[in-house]
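Asker: Contents are mmCIF, C-alpha atoms; file name protein-v4.cif:
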data_input
loop_
_atom_site.label_atom_id
_atom_site.label_comp_id
_atom_site.auth_asym_id
_atom_site.auth_seq_id
_atom_site.Cartn_x
_atom_site.Cartn_y
_atom_site.Cartn_z
CA MET A 1 5.32 -4.34 1.57
CA LEU A 2 6.44 -4.02 -2.05
CA GLU A 3 4.99 -0.51 -2.11
CA ALA A 4 7.02 0.40 0.98
CA ILE A 5 10.28 -0.91 -0.53
CA LEU A 6 9.65 0.94 -3.81
CA PHE A 7 8.65 4.12 -1.96
CA TYR A 8 11.82 4.24 0.14
CA ILE A 9 14.10 3.50 -2.83
CA LEU A 10 12.41 6.16 -5.00
CA ALA A 11 12.34 8.68 -2.15
CA ALA A 12 16.08 8.15 -1.58
CA VAL A 13 16.79 8.61 -5.30
CA LEU A 14 14.61 11.74 -5.43
CA LEU A 15 16.20 13.37 -2.38
CA GLY A 16 19.74 12.38 -3.39
CA MET A 17 19.33 13.70 -6.93
CA GLY A 18 17.70 16.87 -5.58
CA LEU A 19 20.76 17.45 -3.39
CA LEU A 20 23.03 16.87 -6.40
CA VAL A 21 21.04 19.48 -8.36
CA ILE A 22 21.70 22.22 -5.82
CA THR A 23 25.33 21.32 -5.02
CA ARG A 24 27.03 20.63 -8.38
CA THR A 25 29.26 23.36 -9.81
CA ASN A 26 28.67 22.32 -13.41
CA PRO A 27 25.09 23.09 -14.53
CA ILE A 28 25.14 20.10 -16.92
CA ALA A 29 25.67 17.78 -13.94
CA SER A 30 22.78 19.52 -12.18
CA ALA A 31 20.55 19.08 -15.22
CA LEU A 32 21.32 15.37 -15.53
CA ALA A 33 20.62 14.85 -11.81
CA MET A 34 17.37 16.72 -12.37
CA VAL A 35 16.38 14.27 -15.14
CA ALA A 36 17.02 11.35 -12.76
CA ALA A 37 14.97 13.11 -10.06
CA PHE A 38 12.08 13.51 -12.52
CA ALA A 39 12.24 9.81 -13.40
CA ALA A 40 11.99 8.89 -9.70
CA LEU A 41 9.12 11.35 -9.30
CA ALA A 42 7.27 9.81 -12.25
CA ALA A 43 7.63 6.38 -10.63
CA LEU A 44 6.20 7.83 -7.40
CA TYR A 45 3.23 9.16 -9.38
CA ALA A 46 2.72 5.67 -10.77
CA LEU A 47 2.78 4.30 -7.20
CA LEU A 48 -0.06 6.74 -6.42
CA SER A 49 -1.99 5.30 -9.43
CA ALA A 50 -1.57 8.48 -11.50
CA SER A 51 -0.52 6.75 -14.71
CA LEU A 52 -1.25 9.60 -17.13
CA VAL A 53 0.58 12.18 -15.01
CA ALA A 54 3.57 9.82 -14.70
CA ILE A 55 3.83 9.55 -18.48
CA ILE A 56 3.41 13.31 -18.95
CA GLN A 57 6.11 13.91 -16.34
CA ILE A 58 8.62 11.89 -18.38
CA LEU A 59 7.48 13.21 -21.78
CA VAL A 60 7.19 16.92 -20.96
CA TYR A 61 9.61 17.43 -18.06
CA ALA A 62 12.47 15.01 -18.70
CA GLY A 63 11.95 15.01 -22.47
CA GLY A 64 10.99 18.63 -23.14
CA ILE A 65 11.87 21.13 -20.45
CA MET A 66 15.20 19.57 -19.43
CA VAL A 67 16.30 19.16 -23.06
CA LEU A 68 15.61 22.87 -23.57
CA MET A 69 17.56 23.64 -20.40
CA ILE A 70 20.58 21.53 -21.44
CA PHE A 71 20.40 23.03 -24.93
CA VAL A 72 20.67 26.57 -23.55
CA ILE A 73 23.42 25.60 -21.06
CA MET A 74 25.47 24.21 -23.94
CA LEU A 75 24.62 27.17 -26.19
CA LEU A 76 26.11 29.69 -23.75
CA ASN A 77 29.42 27.78 -23.65
CA LEU A 78 30.45 28.79 -20.12
CA HIS A 79 34.08 28.29 -19.13
CA PRO A 80 34.75 26.08 -16.07
CA ASP A 81 36.69 28.97 -14.47
CA ASP A 82 33.58 31.16 -14.69
CA LEU A 83 31.54 28.52 -12.89
CA LYS A 84 33.78 28.25 -9.80
CA PRO A 85 32.67 31.52 -8.13
CA MET A 86 29.03 30.44 -8.57
CA ARG A 87 29.41 27.42 -6.26
CA ALA A 88 26.79 27.02 -3.57
CA LYS A 89 27.49 29.17 -0.53
CA GLY A 90 25.93 28.32 2.80
CA TRP A 91 23.65 25.68 1.32
CA VAL A 92 24.09 23.40 4.33
CA VAL A 93 22.59 26.04 6.63
CA VAL A 94 19.71 26.83 4.29
CA LEU A 95 19.06 23.13 3.68
CA ALA A 96 19.02 22.38 7.41
CA LEU A 97 16.51 25.19 7.96
CA THR A 98 14.25 24.05 5.12
CA GLY A 99 14.66 20.35 6.01
CA VAL A 100 13.36 21.03 9.52
CA TRP A 101 10.22 22.29 7.79
CA GLY A 102 9.25 18.82 6.57
CA VAL A 103 9.87 17.20 9.95
CA VAL A 104 8.09 19.88 12.00
CA LEU A 105 5.21 20.32 9.60
CA ALA A 106 4.24 16.63 9.39
CA PRO A 107 2.74 16.20 12.90
CA VAL A 108 0.95 19.56 12.63
CA ALA A 109 -0.50 18.59 9.26
CA LEU A 110 -1.72 15.24 10.58
CA ILE A 111 -3.79 17.02 13.28
CA PHE A 112 -5.80 18.80 10.56
CA PHE A 113 -5.69 15.87 8.12
CA PRO A 114 -6.35 12.65 10.05
CA ALA A 115 -6.98 10.64 6.85
CA GLY A 116 -3.27 11.07 6.07
CA SER A 117 -2.17 8.58 8.70
CA GLN A 118 -4.13 5.65 7.24
CA PRO A 119 -3.50 3.82 3.97
CA PRO A 120 -6.00 5.28 1.45
CA ALA A 121 -9.16 3.45 0.35
CA PRO A 122 -9.12 1.36 -2.83
CA LEU A 123 -9.92 3.30 -6.00
CA ALA A 124 -12.47 2.99 -8.76
CA GLU A 125 -11.43 1.20 -11.97
CA GLY A 126 -9.55 3.46 -14.40
CA PHE A 127 -8.64 6.15 -11.84
CA GLY A 128 -5.90 8.45 -13.11
CA GLY A 129 -6.00 7.00 -16.60
CA ILE A 130 -6.40 9.07 -19.73
CA PHE A 131 -10.21 8.69 -19.79
CA SER A 132 -10.95 9.84 -16.25
CA VAL A 133 -8.47 12.75 -16.34
CA GLY A 134 -9.56 13.80 -19.84
CA GLU A 135 -13.22 13.73 -18.88
CA LYS A 136 -12.54 16.04 -15.91
CA MET A 137 -10.28 18.36 -17.88
CA PHE A 138 -12.66 18.85 -20.81
CA SER A 139 -15.81 19.29 -18.72
CA ASP A 140 -15.17 21.18 -15.47
CA TYR A 141 -11.80 22.66 -16.46
CA LEU A 142 -12.42 23.53 -20.11
CA PHE A 143 -12.04 27.30 -19.63
CA PRO A 144 -8.72 27.10 -17.71
CA PHE A 145 -7.53 24.66 -20.37
CA GLU A 146 -8.28 27.17 -23.14
CA MET A 147 -6.66 29.96 -21.12
CA LEU A 148 -3.57 27.79 -20.84
CA SER A 149 -3.23 27.76 -24.60
CA LEU A 150 -3.16 31.59 -24.49
CA VAL A 151 -0.49 31.48 -21.76
CA LEU A 152 1.66 29.19 -23.90
CA LEU A 153 1.19 31.41 -26.94
CA THR A 154 2.22 34.48 -24.91
CA ALA A 155 5.27 32.60 -23.62
CA ILE A 156 6.34 31.67 -27.15
CA VAL A 157 5.97 35.24 -28.41
CA GLY A 158 7.66 36.61 -25.27
CA ALA A 159 10.62 34.27 -25.59
CA LEU A 160 11.02 35.22 -29.23
CA VAL A 161 10.94 38.96 -28.48
CA LEU A 162 13.38 38.60 -25.57
CA SER A 163 15.99 36.50 -27.31
CA LYS A 164 15.98 37.95 -30.80
CA ARG A 165 18.34 40.87 -31.37
CA LYS A 166 16.37 42.53 -34.16
CA LEU A 167 12.80 41.68 -35.00
CA MET B 1 9.27 1.17 12.90
CA ASN B 2 5.57 1.60 13.42
CA SER B 3 5.41 4.88 11.56
CA LEU B 4 7.58 3.63 8.65
CA PHE B 5 5.20 0.84 7.53
CA PRO B 6 2.77 0.74 5.84
CA ILE B 7 3.16 3.68 3.47
CA THR B 8 0.48 6.32 4.13
CA PRO B 9 -0.28 9.64 2.39
CA ALA B 10 1.63 11.36 5.20
CA HIS B 11 4.86 9.74 3.93
CA TYR B 12 4.33 11.23 0.50
CA LEU B 13 3.52 14.64 2.01
CA VAL B 14 6.69 14.64 4.13
CA LEU B 15 8.74 13.65 1.05
CA SER B 16 7.06 16.47 -0.86
CA ALA B 17 7.90 18.98 1.90
CA LEU B 18 11.53 17.83 1.94
CA VAL B 19 11.90 18.13 -1.84
CA PHE B 20 10.31 21.59 -1.65
CA GLY B 21 12.89 22.45 1.03
CA ILE B 22 15.71 21.33 -1.29
CA GLY B 23 14.27 23.53 -4.03
CA VAL B 24 14.07 26.56 -1.75
CA ALA B 25 17.61 25.93 -0.50
CA GLY B 26 18.81 25.86 -4.12
CA VAL B 27 17.09 29.14 -4.96
CA LEU B 28 18.49 30.83 -1.85
CA SER B 29 22.08 29.55 -1.89
CA ARG B 30 23.07 29.33 -5.56
CA LYS B 31 24.36 32.13 -7.77
CA ASN B 32 24.18 30.27 -11.08
CA LEU B 33 21.03 31.33 -12.96
CA PHE B 34 20.53 27.86 -14.47
CA VAL B 35 20.65 26.10 -11.13
CA VAL B 36 18.24 28.64 -9.65
CA LEU B 37 15.79 27.92 -12.48
CA MET B 38 16.18 24.17 -11.96
CA SER B 39 15.63 24.51 -8.20
CA LEU B 40 12.41 26.38 -8.96
CA GLU B 41 11.30 23.45 -11.11
CA LEU B 42 12.14 21.10 -8.23
CA ALA B 43 9.92 23.12 -5.88
CA LEU B 44 7.07 23.06 -8.42
CA ASN B 45 7.40 19.29 -8.72
CA ALA B 46 7.27 18.87 -4.96
CA VAL B 47 3.92 20.68 -4.95
CA ASN B 48 2.74 18.41 -7.78
CA LEU B 49 3.54 15.39 -5.62
CA SER B 50 1.27 16.84 -2.89
CA PHE B 51 -1.52 17.35 -5.43
CA ILE B 52 -1.27 13.74 -6.63
CA THR B 53 -1.23 12.48 -3.03
CA PHE B 54 -4.38 14.38 -2.08
CA SER B 55 -6.01 13.18 -5.29
CA ARG B 56 -5.24 9.60 -4.29
CA VAL B 57 -6.66 10.12 -0.78
CA ASN B 58 -9.91 11.66 -2.00
CA GLY B 59 -10.29 9.42 -5.05
CA ASP B 60 -10.80 12.54 -7.19
CA VAL B 61 -8.87 13.27 -10.41
CA THR B 62 -9.05 17.08 -10.02
CA GLY B 63 -5.53 17.06 -8.60
CA HIS B 64 -4.25 15.31 -11.73
CA VAL B 65 -5.83 17.99 -13.94
CA ILE B 66 -4.18 20.73 -11.89
CA VAL B 67 -0.81 18.95 -12.10
CA LEU B 68 -1.12 18.88 -15.89
CA PHE B 69 -1.82 22.64 -15.81
CA VAL B 70 1.21 23.21 -13.56
CA VAL B 71 3.39 21.25 -16.01
CA ALA B 72 2.22 23.49 -18.86
CA ILE B 73 2.87 26.63 -16.80
CA ALA B 74 6.33 25.29 -15.89
CA ALA B 75 7.06 24.79 -19.59
CA ALA B 76 6.06 28.41 -20.29
CA GLU B 77 8.16 29.57 -17.34
CA ALA B 78 11.23 27.65 -18.50
CA CYS B 79 10.78 29.03 -22.02
CA VAL B 80 10.59 32.69 -20.93
CA GLY B 81 13.19 32.21 -18.18
CA LEU B 82 15.77 30.77 -20.57
CA ALA B 83 15.09 33.56 -23.08
CA ILE B 84 15.86 36.05 -20.28
CA VAL B 85 19.04 34.12 -19.43
CA ILE B 86 20.17 34.37 -23.05
CA ALA B 87 19.40 38.10 -23.16
CA LEU B 88 21.30 38.68 -19.88
CA TYR B 89 24.26 36.61 -21.11
CA ARG B 90 24.42 38.74 -24.23
CA LEU B 91 24.55 41.84 -22.03
CA LYS B 92 27.11 40.77 -19.41
CA GLU B 93 28.73 37.54 -20.72
CA THR B 94 27.98 35.74 -17.44
CA VAL B 95 25.17 33.91 -15.64
CA ASP B 96 26.34 34.91 -12.15
CA LEU B 97 23.36 36.38 -10.29
CA ASP B 98 25.66 38.55 -8.13
CA LEU B 99 26.68 40.55 -11.20
CA PHE B 100 23.11 41.46 -12.20
CA LYS B 101 22.63 44.21 -9.64
CA SER B 102 21.97 47.34 -11.70
CA LEU B 103 18.49 47.63 -10.15
CA LYS B 104 19.90 47.54 -6.62
CA GLY B 105 19.34 50.90 -4.89
#
Write the structure described by the file as structure tokens, please.
Answerer:
Amino acid sequence: MLEAILFYILAAVLLGMGLLVITRTNPIASALAMVAAFAALAALYALLSASLVAIIQILVYAGGIMVLMIFVIMLLNLHPDDLKPMRAKGWVVVLALTGVWGVVLAPVALIFFPAGSQPPAPLAEGFGGIFSVGEKMFSDYLFPFEMLSLVLLTAIVGALVLSKRKL
Amino acid sequence: MNSLFPITPAHYLVLSALVFGIGVAGVLSRKNLFVVLMSLELALNAVNLSFITFSRVNGDVTGHVIVLFVVAIAAAEACVGLAIVIALYRLKETVDLDLFKSLKG
């Protein structure tokens, strides 16, 4: 019962903040709504017993990526008059079309995924903690993990080349 | 009321699909580059929620590992994307997507 109450509150916050993100004229307002949406999402991860991912979501997304985003928004110093013509156009129509997707898709998905309509089985001790996730990541997924470090290095160099006037 | 309680994985999957829909709507209907980037992040996060849900159902942490990879890729994407925004702003003094149409045939 408590899980249900928490789920519906967090889902409402997530959907409401998501709508704010795509409807606000001022990108700073969008970014702050995005941070709130990420907090709700992290709490949902915790409800699904993914404690490590919940912490990473707050640390990396809300704390890292969104700070970078807000930093760049403030760096560009856009005038409010410039923002007006960039208001959302026709978002109600697009949103209605994409919202139907969730409602139509759910019954179809449940035909192929019958386990989805029952509450899931209890989990082993320590599921989703740093030990179980780390063990998986550094055994079966060691090569993708190392490749990821190359991707991040390329992104850093790429961002530097793109944004610097003269190297 | 029967389908509202108790909470099943299907609830999380429907929520994930709806958030993905919001992200797609943002990408399609906004002209502000920043908001388009943020909507993309929202769509990525919706997919992450699906991964975590399936992980919970199967009792397997592989989904968590993939979510951590997606978070790292999203960080790289935001980093390069914002560098491109800065370069475009330097060129045209705006972040309005409608004005970046030099490649249009």
Asker: Can you tell me how far CA of Gly63 in chain B sits from CA of Leu148 in chain A, in Å to one decimal?
Answerer: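 For CA of Gly63 in chain B relative to CA of Leu148 in chain A, the distance reads 16.4 Å.
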Asker: Taking all atoms of range 37-48 of chain B that appear in the file, build a box with edges along x, y and z, extend it by 6 Å on every side, and state its centre and edge lengths in Å to one decimal, as lines of an AutoDock Vina configuration file.
Answerer:
center_x = 9.5
center_y = 23.2
center_z = -8.7
size_x = 25.4
size_y = 21.5
size_z = 19.5
Asker: Using all atoms listed in the file, determine which residues lie at most 8 Å from Val21 in chain A, disregarding the query and same-chain residues fewer than 5 positions distant; provide the list as JSON, numbers by chain.
Answerer: {"A": [29, 30, 31, 33, 34], "B": [26, 35, 38, 39]}
Asker: Run the PyMOL selection byres ((chain A and resi 13) around 12) on the file and write out the hits as a VMD selection string.
Answerer: (chain A and resid 6 to 12 14 to 20 33 to 44) or (chain B and resid 15 19)
Asker: Quick one: apply the PyMOL selection byres ((chain B) within 8 of (chain A)) to the file and drop the selected residues here as a ChimeraX atom specification.
Answerer: /B:5-10,13-15,17-19,21-26,28-32,34-35,38-39,42,49,52-53,56-57,59,61-62,64-65,67-69,71-73,75-80,82-84,86-87,89,94,96
Asker: Find the distance between CA of Gly126 in chain A and CA of Ala74 in chain B and write it in Å to one decimal.
Answerer: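 Going from CA of Gly126 in chain A over to CA of Ala74 in chain B covers 27.0 Å.
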Asker: Could you check how far CA of Leu99 in chain B sits from CA of Leu33 in chain B, in Å to one decimal?
Answerer: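 These two atoms are separated by 11.0 Å.
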